[in-house]
file input.cif (mmCIF, C-alpha atoms)
data_upload
#
loop_
_atom_site.group_PDB
_atom_site.id
_atom_site.type_symbol
_atom_site.label_atom_id
_atom_site.label_comp_id
_atom_site.auth_asym_id
_atom_site.auth_seq_id
_atom_site.Cartn_x
_atom_site.Cartn_y
_atom_site.Cartn_z
ATOM 1 C CA MET A 16 -24.181 107.216 134.604
ATOM 2 C CA PRO A 17 -21.558 104.667 133.563
ATOM 3 C CA VAL A 18 -20.994 106.097 130.044
ATOM 4 C CA THR A 19 -17.909 108.323 130.155
ATOM 5 C CA ASP A 20 -17.239 109.069 126.488
ATOM 6 C CA VAL A 21 -18.915 108.770 123.091
ATOM 7 C CA THR A 22 -17.215 109.303 119.728
ATOM 8 C CA HIS A 23 -19.010 109.451 116.390
ATOM 9 C CA ASP A 24 -16.836 109.284 113.302
ATOM 10 C CA PHE A 25 -18.951 110.165 110.276
ATOM 11 C CA GLU A 26 -16.195 109.369 107.793
ATOM 12 C CA SER A 27 -15.512 105.848 108.955
ATOM 13 C CA LEU A 28 -19.116 105.306 110.221
ATOM 14 C CA ASN A 29 -17.780 104.285 113.575
ATOM 15 C CA LEU A 30 -19.368 104.645 116.960
ATOM 16 C CA THR A 31 -17.201 104.198 120.032
ATOM 17 C CA ILE A 32 -18.650 104.261 123.526
ATOM 18 C CA VAL A 33 -16.617 104.126 126.722
ATOM 19 C CA ALA A 34 -18.295 103.038 129.935
ATOM 20 C CA GLU A 35 -17.054 102.252 133.441
ATOM 21 C CA PHE A 36 -18.452 99.446 135.541
ATOM 22 C CA ALA A 37 -17.932 98.788 139.258
ATOM 23 C CA ALA A 38 -16.907 95.169 138.678
ATOM 24 C CA PRO A 39 -13.639 93.407 137.827
ATOM 25 C CA VAL A 40 -12.603 92.826 134.190
ATOM 26 C CA GLN A 41 -13.162 89.068 134.518
ATOM 27 C CA ARG A 42 -16.754 89.664 135.670
ATOM 28 C CA ILE A 43 -17.506 91.756 132.558
ATOM 29 C CA TRP A 44 -15.826 89.159 130.338
ATOM 30 C CA ASP A 45 -17.911 86.404 131.954
ATOM 31 C CA LEU A 46 -21.067 88.357 131.170
ATOM 32 C CA TYR A 47 -20.163 88.359 127.469
ATOM 33 C CA ALA A 48 -19.025 84.737 127.512
ATOM 34 C CA ASP A 49 -22.271 83.489 129.069
ATOM 35 C CA PRO A 50 -25.240 83.478 126.649
ATOM 36 C CA ARG A 51 -27.758 83.506 129.550
ATOM 37 C CA GLN A 52 -26.285 86.760 130.885
ATOM 38 C CA LEU A 53 -25.644 88.268 127.459
ATOM 39 C CA GLU A 54 -29.278 87.867 126.389
ATOM 40 C CA LYS A 55 -30.373 89.915 129.398
ATOM 41 C CA VAL A 56 -28.517 92.951 128.085
ATOM 42 C CA TRP A 57 -28.479 92.626 124.280
ATOM 43 C CA GLY A 58 -32.077 93.332 123.262
ATOM 44 C CA PRO A 59 -34.131 96.337 124.362
ATOM 45 C CA PRO A 60 -37.031 95.560 126.765
ATOM 46 C CA SER A 61 -39.499 95.605 123.844
ATOM 47 C CA HIS A 62 -37.372 93.062 121.914
ATOM 48 C CA PRO A 63 -35.743 90.570 124.309
ATOM 49 C CA ALA A 64 -32.900 88.508 122.834
ATOM 50 C CA THR A 65 -32.438 84.736 122.931
ATOM 51 C CA PHE A 66 -28.970 83.364 122.195
ATOM 52 C CA VAL A 67 -29.228 79.911 120.625
ATOM 53 C CA SER A 68 -25.508 79.275 120.307
ATOM 54 C CA HIS A 69 -22.692 81.394 121.655
ATOM 55 C CA GLU A 70 -19.062 80.776 122.442
ATOM 56 C CA LEU A 71 -16.193 83.269 122.623
ATOM 57 C CA THR A 72 -13.649 81.361 120.558
ATOM 58 C CA VAL A 73 -12.153 82.460 117.244
ATOM 59 C CA GLY A 74 -14.255 81.256 114.302
ATOM 60 C CA ALA A 75 -17.265 80.409 116.487
ATOM 61 C CA ARG A 76 -20.657 81.427 115.176
ATOM 62 C CA THR A 77 -23.137 82.935 117.587
ATOM 63 C CA THR A 78 -26.812 82.725 116.632
ATOM 64 C CA TYR A 79 -29.521 84.755 118.278
ATOM 65 C CA PHE A 80 -32.960 86.176 117.705
ATOM 66 C CA MET A 81 -34.960 89.006 119.162
ATOM 67 C CA THR A 82 -38.689 88.699 119.724
ATOM 68 C CA GLY A 83 -40.907 91.716 119.103
ATOM 69 C CA PRO A 84 -44.124 92.671 120.907
ATOM 70 C CA GLU A 85 -46.281 90.816 118.364
ATOM 71 C CA GLY A 86 -44.179 87.676 118.593
ATOM 72 C CA GLU A 87 -42.260 88.470 115.402
ATOM 73 C CA LYS A 88 -38.691 87.180 115.359
ATOM 74 C CA TYR A 89 -35.545 88.873 114.022
ATOM 75 C CA ALA A 90 -32.537 86.617 113.720
ATOM 76 C CA GLY A 91 -28.901 87.628 113.782
ATOM 77 C CA TYR A 92 -25.472 86.070 113.913
ATOM 78 C CA TRP A 93 -21.941 86.880 115.029
ATOM 79 C CA ILE A 94 -18.696 85.503 113.688
ATOM 80 C CA VAL A 95 -16.061 85.768 116.410
ATOM 81 C CA THR A 96 -12.838 86.989 114.776
ATOM 82 C CA LEU A 97 -10.473 87.630 117.700
ATOM 83 C CA VAL A 98 -10.371 86.543 121.359
ATOM 84 C CA GLU A 99 -7.927 87.739 124.016
ATOM 85 C CA GLU A 100 -9.547 86.654 127.266
ATOM 86 C CA PRO A 101 -10.360 88.585 129.403
ATOM 87 C CA THR A 102 -9.520 91.930 127.809
ATOM 88 C CA ARG A 103 -10.555 91.974 124.145
ATOM 89 C CA PHE A 104 -12.741 90.290 121.529
ATOM 90 C CA CYS A 105 -13.883 91.155 118.016
ATOM 91 C CA PHE A 106 -16.848 89.946 116.014
ATOM 92 C CA ASP A 107 -18.861 90.642 112.881
ATOM 93 C CA ASP A 108 -22.581 91.130 113.579
ATOM 94 C CA GLY A 109 -25.147 90.557 110.828
ATOM 95 C CA PHE A 110 -28.785 89.720 110.117
ATOM 96 C CA ALA A 111 -30.007 86.233 109.294
ATOM 97 C CA ASP A 112 -33.106 84.406 108.134
ATOM 98 C CA GLU A 113 -35.134 82.162 110.439
ATOM 99 C CA ASP A 114 -32.675 79.299 109.910
ATOM 100 C CA PHE A 115 -29.759 81.613 110.793
ATOM 101 C CA ASN A 116 -28.431 81.802 107.220
ATOM 102 C CA PRO A 117 -26.785 85.247 106.825
ATOM 103 C CA ASN A 118 -28.952 87.772 104.950
ATOM 104 C CA PRO A 119 -26.647 89.191 102.235
ATOM 105 C CA ASP A 120 -28.963 92.189 101.655
ATOM 106 C CA MET A 121 -28.383 93.484 105.168
ATOM 107 C CA PRO A 122 -25.198 95.126 106.392
ATOM 108 C CA VAL A 123 -22.608 93.560 108.673
ATOM 109 C CA SER A 124 -20.967 95.629 111.402
ATOM 110 C CA LYS A 125 -17.425 95.063 112.691
ATOM 111 C CA ASN A 126 -17.189 95.246 116.462
ATOM 112 C CA GLU A 127 -14.328 95.430 118.913
ATOM 113 C CA PHE A 128 -14.948 95.207 122.679
ATOM 114 C CA ARG A 129 -12.091 95.960 125.070
ATOM 115 C CA PHE A 130 -12.018 95.789 128.873
ATOM 116 C CA GLU A 131 -9.328 97.536 130.957
ATOM 117 C CA ALA A 132 -8.776 97.335 134.706
ATOM 118 C CA ILE A 133 -9.120 100.690 136.512
ATOM 119 C CA ASP A 134 -9.245 101.552 140.248
ATOM 120 C CA SER A 135 -13.044 101.563 140.341
ATOM 121 C CA GLY A 136 -13.418 98.339 138.332
ATOM 122 C CA THR A 137 -13.485 98.105 134.540
ATOM 123 C CA ARG A 138 -13.338 100.536 131.664
ATOM 124 C CA ALA A 139 -15.152 99.030 128.667
ATOM 125 C CA ILE A 140 -14.577 100.371 125.147
ATOM 126 C CA PHE A 141 -17.227 99.315 122.639
ATOM 127 C CA SER A 142 -16.467 100.092 119.006
ATOM 128 C CA SER A 143 -18.857 99.394 116.148
ATOM 129 C CA THR A 144 -18.187 100.160 112.458
ATOM 130 C CA TYR A 145 -20.438 99.928 109.405
ATOM 131 C CA GLU A 146 -19.097 99.655 105.874
ATOM 132 C CA SER A 147 -21.544 102.083 104.318
ATOM 133 C CA ARG A 148 -23.899 104.807 105.367
ATOM 134 C CA GLN A 149 -26.651 102.962 103.537
ATOM 135 C CA GLY A 150 -25.925 99.940 105.694
ATOM 136 C CA LEU A 151 -26.180 101.957 108.870
ATOM 137 C CA GLU A 152 -29.442 103.460 107.633
ATOM 138 C CA LYS A 153 -30.941 100.056 106.983
ATOM 139 C CA VAL A 154 -30.124 98.843 110.478
ATOM 140 C CA LEU A 155 -31.617 101.911 112.095
ATOM 141 C CA ALA A 156 -34.640 102.012 109.809
ATOM 142 C CA MET A 157 -35.444 98.524 111.115
ATOM 143 C CA GLY A 158 -35.167 99.865 114.645
ATOM 144 C CA VAL A 159 -37.444 102.800 113.852
ATOM 145 C CA ILE A 160 -40.100 100.507 112.405
ATOM 146 C CA GLU A 161 -39.928 98.287 115.481
ATOM 147 C CA GLY A 162 -40.029 101.313 117.764
ATOM 148 C CA ALA A 163 -43.140 102.569 115.986
ATOM 149 C CA SER A 164 -44.673 99.094 116.206
ATOM 150 C CA SER A 165 -44.213 98.862 119.955
ATOM 151 C CA ALA A 166 -45.509 102.417 120.469
ATOM 152 C CA ILE A 167 -48.580 101.535 118.437
ATOM 153 C CA ASN A 168 -49.089 98.346 120.437
ATOM 154 C CA GLN A 169 -48.971 100.333 123.644
ATOM 155 C CA ILE A 170 -51.669 102.623 122.297
ATOM 156 C CA ASP A 171 -53.722 99.543 121.343
ATOM 157 C CA GLU A 172 -53.347 98.117 124.860
ATOM 158 C CA PHE A 173 -54.334 101.446 126.344
ATOM 159 C CA LEU A 174 -57.451 101.622 124.194
ATOM 160 C CA LEU A 175 -58.422 98.036 125.000
ATOM 161 C CA ALA A 176 -57.970 98.477 128.756
ATOM 162 C CA MET B 16 -45.869 124.842 107.420
ATOM 163 C CA LEU B 17 -47.205 123.458 110.671
ATOM 164 C CA GLN B 18 -50.224 122.158 108.770
ATOM 165 C CA ALA B 19 -47.893 120.382 106.347
ATOM 166 C CA SER B 20 -45.940 118.651 109.131
ATOM 167 C CA GLU B 21 -49.170 117.646 110.892
ATOM 168 C CA ASP B 22 -50.404 116.151 107.615
ATOM 169 C CA ARG B 23 -47.118 114.313 107.250
ATOM 170 C CA ALA B 24 -47.347 112.917 110.788
ATOM 171 C CA ASP B 25 -50.904 111.745 110.081
ATOM 172 C CA ALA B 26 -49.770 110.000 106.913
ATOM 173 C CA LEU B 27 -46.803 108.441 108.728
ATOM 174 C CA PHE B 28 -48.792 107.060 111.651
ATOM 175 C CA HIS B 29 -51.614 105.913 109.430
ATOM 176 C CA ALA B 30 -49.060 104.077 107.289
ATOM 177 C CA LEU B 31 -47.416 102.392 110.283
ATOM 178 C CA ALA B 32 -50.657 101.495 112.054
ATOM 179 C CA ASP B 33 -51.144 98.359 109.991
ATOM 180 C CA ARG B 34 -49.358 95.050 110.469
ATOM 181 C CA THR B 35 -49.136 94.198 106.767
ATOM 182 C CA ARG B 36 -47.719 97.615 105.928
ATOM 183 C CA ARG B 37 -45.083 97.311 108.653
ATOM 184 C CA ASP B 38 -44.169 93.905 107.274
ATOM 185 C CA ILE B 39 -43.897 95.307 103.737
ATOM 186 C CA LEU B 40 -41.634 98.070 105.096
ATOM 187 C CA ARG B 41 -39.293 95.587 106.768
ATOM 188 C CA ARG B 42 -38.939 93.783 103.467
ATOM 189 C CA VAL B 43 -38.307 96.887 101.339
ATOM 190 C CA PHE B 44 -35.787 98.294 103.802
ATOM 191 C CA ALA B 45 -33.882 95.027 103.583
ATOM 192 C CA GLY B 46 -33.796 95.231 99.773
ATOM 193 C CA GLU B 47 -35.685 96.300 96.677
ATOM 194 C CA HIS B 48 -38.729 94.142 95.906
ATOM 195 C CA SER B 49 -41.125 94.115 92.976
ATOM 196 C CA VAL B 50 -44.717 94.746 93.959
ATOM 197 C CA SER B 51 -45.699 91.390 92.485
ATOM 198 C CA THR B 52 -43.096 89.572 94.637
ATOM 199 C CA LEU B 53 -44.463 91.370 97.685
ATOM 200 C CA ALA B 54 -48.011 90.417 96.701
ATOM 201 C CA GLY B 55 -46.972 86.764 96.572
ATOM 202 C CA ALA B 56 -45.914 86.910 100.223
ATOM 203 C CA TYR B 57 -49.382 87.699 101.556
ATOM 204 C CA ASP B 58 -52.681 85.930 101.612
ATOM 205 C CA MET B 59 -54.472 88.808 99.877
ATOM 206 C CA SER B 60 -55.100 90.113 96.383
ATOM 207 C CA PHE B 61 -52.487 91.888 94.285
ATOM 208 C CA ALA B 62 -54.708 94.995 94.328
ATOM 209 C CA ALA B 63 -54.854 94.990 98.132
ATOM 210 C CA VAL B 64 -51.055 94.771 98.413
ATOM 211 C CA GLN B 65 -50.715 97.481 95.768
ATOM 212 C CA LYS B 66 -52.953 99.688 97.909
ATOM 213 C CA HIS B 67 -50.768 99.145 100.983
ATOM 214 C CA VAL B 68 -47.686 100.037 98.930
ATOM 215 C CA ALA B 69 -49.410 103.248 97.779
ATOM 216 C CA VAL B 70 -50.163 104.246 101.400
ATOM 217 C CA LEU B 71 -46.486 103.747 102.304
ATOM 218 C CA GLU B 72 -45.408 105.732 99.251
ATOM 219 C CA ARG B 73 -47.676 108.672 100.180
ATOM 220 C CA ALA B 74 -46.204 108.677 103.694
ATOM 221 C CA GLY B 75 -42.724 109.085 102.178
ATOM 222 C CA LEU B 76 -41.560 105.751 103.579
ATOM 223 C CA LEU B 77 -41.225 103.913 100.308
ATOM 224 C CA ASN B 78 -40.017 104.761 96.798
ATOM 225 C CA LYS B 79 -41.203 103.152 93.603
ATOM 226 C CA ARG B 80 -39.452 102.945 90.258
ATOM 227 C CA ARG B 81 -40.303 101.101 87.064
ATOM 228 C CA ARG B 82 -38.228 98.442 85.363
ATOM 229 C CA GLY B 83 -39.993 97.346 82.214
ATOM 230 C CA ARG B 84 -43.408 96.145 83.269
ATOM 231 C CA GLU B 85 -42.402 95.774 86.903
ATOM 232 C CA ALA B 86 -42.883 98.266 89.736
ATOM 233 C CA LEU B 87 -39.947 98.043 92.159
ATOM 234 C CA ALA B 88 -40.342 99.269 95.730
ATOM 235 C CA SER B 89 -37.577 100.206 98.172
ATOM 236 C CA GLY B 90 -37.517 101.836 101.596
ATOM 237 C CA ASP B 91 -36.699 105.541 101.696
ATOM 238 C CA VAL B 92 -34.684 106.614 104.694
ATOM 239 C CA GLU B 93 -32.161 108.858 102.954
ATOM 240 C CA ALA B 94 -34.652 111.696 102.696
ATOM 241 C CA VAL B 95 -35.311 112.010 106.412
ATOM 242 C CA ARG B 96 -31.973 111.415 108.055
ATOM 243 C CA SER B 97 -28.479 112.765 108.312
ATOM 244 C CA ALA B 98 -25.496 110.657 109.257
ATOM 245 C CA SER B 99 -25.231 112.314 112.659
ATOM 246 C CA GLU B 100 -28.837 111.464 113.512
ATOM 247 C CA LEU B 101 -28.109 107.868 112.555
ATOM 248 C CA LEU B 102 -25.116 107.608 114.845
ATOM 249 C CA LEU B 103 -27.087 109.255 117.654
ATOM 250 C CA GLU B 104 -29.743 106.583 117.325
ATOM 251 C CA LEU B 105 -27.114 103.885 117.446
ATOM 252 C CA GLU B 106 -25.693 105.545 120.534
ATOM 253 C CA GLY B 107 -29.143 105.292 122.120
ATOM 254 C CA ILE B 108 -29.186 101.516 121.520
ATOM 255 C CA TRP B 109 -25.745 101.199 123.117
ATOM 256 C CA ARG B 110 -26.608 103.360 126.102
ATOM 257 C CA GLY B 111 -29.570 101.049 126.669
ATOM 258 C CA ARG B 112 -27.267 98.013 126.682
ATOM 259 C CA ILE B 113 -24.782 99.632 129.045
ATOM 260 C CA GLY B 114 -27.610 100.562 131.440
ATOM 261 C CA ARG B 115 -28.750 96.921 131.423
ATOM 262 C CA ILE B 116 -25.203 95.652 132.069
ATOM 263 C CA GLU B 117 -25.007 97.913 135.105
ATOM 264 C CA ALA B 118 -28.391 96.669 136.354
ATOM 265 C CA LEU B 119 -27.304 93.052 135.880
ATOM 266 C CA LEU B 120 -24.024 93.634 137.763
ATOM 267 C CA ASP B 121 -25.900 95.336 140.610
ATOM 268 C CA GLN B 122 -28.334 92.443 140.707
ATOM 269 C CA SER B 123 -25.620 89.763 140.819
ATOM 270 C CA SER B 124 -23.569 91.544 143.500
ATOM 271 C CA ALA B 125 -26.763 91.865 145.586
ATOM 272 C CA ASP B 126 -27.277 88.093 145.139
ATOM 273 C CA ASP B 127 -23.680 87.448 146.302
ATOM 274 C CA THR B 128 -24.278 89.534 149.413
ATOM 275 C CA ARG B 129 -27.448 87.583 150.221
ATOM 276 C CA ARG B 130 -25.538 84.315 149.928
ATOM 277 C CA GLY B 131 -22.970 85.767 152.333
ATOM 278 C CA GLY B 132 -20.138 85.010 149.928
ATOM 279 C CA ALA B 133 -19.323 88.588 148.982
ATOM 280 C CA THR B 134 -15.720 89.680 149.092
ATOM 281 C CA HIS B 135 -16.406 93.136 147.711
ATOM 282 C CA THR B 136 -19.172 94.417 149.984
ATOM 283 C CA GLU B 137 -17.803 97.933 150.302
ATOM 284 C CA LYS B 138 -18.960 98.772 146.773
ATOM 285 C CA SER B 139 -19.739 102.462 146.633
ATOM 286 C CA LYS B 140 -22.771 103.758 144.792
ATOM 287 C CA ASP B 141 -22.805 107.237 143.334
#

call {"tool": "encode", "arguments": {"input": "input.cif", "output": "structure tokens"}}
result
Amino acid sequence: MPVTDVTHDFESLNLTIVAEFAAPVQRIWDLYADPRQLEKVWGPPSHPATFVSHELTVGARTTYFMTGPEGEKYAGYWIVTLVEEPTRFCFDDGFADEDFNPNPDMPVSKNEFRFEAIDSGTRAIFSSTYESRQGLEKVLAMGVIEGASSAINQIDEFLLA
Amino acid sequence: MLQASEDRADALFHALADRTRRDILRRVFAGEHSVSTLAGAYDMSFAAVQKHVAVLERAGLLNKRRRGREALASGDVEAVRSASELLLELEGIWRGRIGRIEALLDQSSADDTRRGGATHTEKSKD
């Protein structure tokens, strides 16, 4: 199990996860810099991600969407706010409409990803912060609805088989 | 008490087992909507949309309040969650991503080995 530490801070609505990977820091950085690799890890299997634009440079805007089991699309965007290749980058992650215009009704999370060299490879520290508890609830409520949708689809497939 | 939670689960799954109702939920979780605005988004009668909203309300997924002549609907998550549960769920999403990163790294180092270009073949696996 590569996850070595998890911290929940209820006051600041921050989640920090530390994981160790058996690969050099540059390899992990390359994964995040390459949209074709990033999309393989970003969305859960039920909602694969497609990155339309993505570049790790300050001010760059990443656009992506996830596709649900019924073909429904959920768009999101990042604004890259800090880049220190290959050890650290920060970005704001938010929801968007189908044309990738930010959705002001949905919360934006602030994220900091850090990669440190260790003997066995890389220690990655992923930190994600929401501004309000209501914001965090909205994001997760979306996930719960999608989770229920894919569970229901599986039942449908089972019944049709 | 068990009966009550079984009834609640029935109401919840019944509410979620319909595509239009799931779509309505996505909208009301993203922000408060009037029932008439929601009705305008679907190719069905106002009464039919109103019925869907009522099913969601009975399942405890949606709250309604009145503003003048309008009925405003919003998603209700506050009632069923604590902050720690929320962060645990988020942790689950992140653990999923980290698992996929590991799988991708394993896959690409296996590809390197096949191409015979690997310089780090003594990778240990625990």

call {"tool": "resolve_selection", "arguments": {"input": "input.cif", "expression": "the PyMOL selection byres ((chain B and resi 121) around 12)", "output": "ChimeraX atom specification"}}
result
/A:36-38,42 /B:114-120,122-128,136,138-140

call {"tool": "resolve_selection", "arguments": {"input": "input.cif", "expression": "the PyMOL selection byres ((chain A and resi 116-131) around 8)", "output": "number ranges by chain"}}
result
A: 40, 43-44, 91-92, 101-115, 132-133, 137-146, 150-151, 153-154; B: 45-46

call {"tool": "resolve_selection", "arguments": {"input": "input.cif", "expression": "the PyMOL selection byres ((chain A and resi 73) around 10)", "output": "list in words"}}
result
Glu70, Leu71, Thr72, Gly74, Ala75, Arg76, Ile94, Val95, Thr96, Leu97, Val98, Glu99, Phe104, Cys105 and Phe106 of chain A

call {"tool": "closest_residue", "arguments": {"input": "input.cif", "among": "A:Val56, A:Leu46, A:Ser27, A:Ser68", "to": "chain B", "atoms": "only C-alpha atoms"}}
result
A:Val56

call {"tool": "closest_residue", "arguments": {"input": "input.cif", "among": "B:Leu31, B:Ala54, B:Ala63, B:Ala26", "to": "chain A", "atoms": "all atoms listed in the file"}}
result
B:Leu31

call {"tool": "closest_atom_pairs", "arguments": {"input": "input.cif", "of": "chain A", "to": "chain B", "cutoff": "8 Å", "atoms": "all atoms listed in the file", "output": "tab-separated table"}}
result
residue	atom	partner	partner_atom	distance
A:Pro17	CA	B:Ile113	CA	7.5
A:Val18	CA	B:Arg110	CA	7.4
A:Val21	CA	B:Glu106	CA	7.9
A:His23	CA	B:Leu102	CA	6.6
A:Phe25	CA	B:Ala98	CA	6.6
A:Leu28	CA	B:Leu102	CA	7.9
A:Leu30	CA	B:Leu102	CA	6.8
A:Ile32	CA	B:Trp109	CA	7.7
A:Ala34	CA	B:Ile113	CA	7.4
A:Phe36	CA	B:Glu117	CA	6.7
A:Ala37	CA	B:Lys138	CA	7.6
A:Ala38	CA	B:Leu120	CA	7.3
A:Lys55	CA	B:Arg115	CA	7.5
A:Val56	CA	B:Arg115	CA	5.2
A:Trp57	CA	B:Arg112	CA	6.0
A:Gly58	CA	B:Arg112	CA	7.5
A:Pro59	CA	B:Gly111	CA	7.0
A:Asp120	CA	B:Ala45	CA	6.0
A:Met121	CA	B:Ala45	CA	5.9
A:Arg148	CA	B:Ala98	CA	7.2
A:Leu151	CA	B:Leu101	CA	7.2
A:Glu152	CA	B:Leu101	CA	6.7
A:Lys153	CA	B:Phe44	CA	6.1
A:Leu155	CA	B:Leu101	CA	6.9
A:Ala156	CA	B:Val92	CA	6.9
A:Met157	CA	B:Arg41	CA	6.5
A:Ile160	CA	B:Arg37	CA	7.0
A:Ala163	CA	B:Leu31	CA	7.1
A:Ser164	CA	B:Leu31	CA	7.3
A:Ile167	CA	B:Ala32	CA	6.7

call {"tool": "axis_aligned_box", "arguments": {"input": "input.cif", "around": "stretch 113-131 of chain B", "padding_each_side": "5 Å", "output": "AutoDock Vina command-line options"}}
result
--center_x -25.9 --center_y 92.4 --center_z 140.7 --size_x 15.8 --size_y 26.2 --size_z 33.3

call {"tool": "atom_distance", "arguments": {"input": "input.cif", "atom1": "atom CA of A:Pro63", "atom2": "atom CA of A:Gly83"}}
result
7.4 Å

call {"tool": "atom_distance", "arguments": {"input": "input.cif", "atom1": "atom CA of A:Asp49", "atom2": "atom CA of B:Arg129"}}
result
22.2 Å
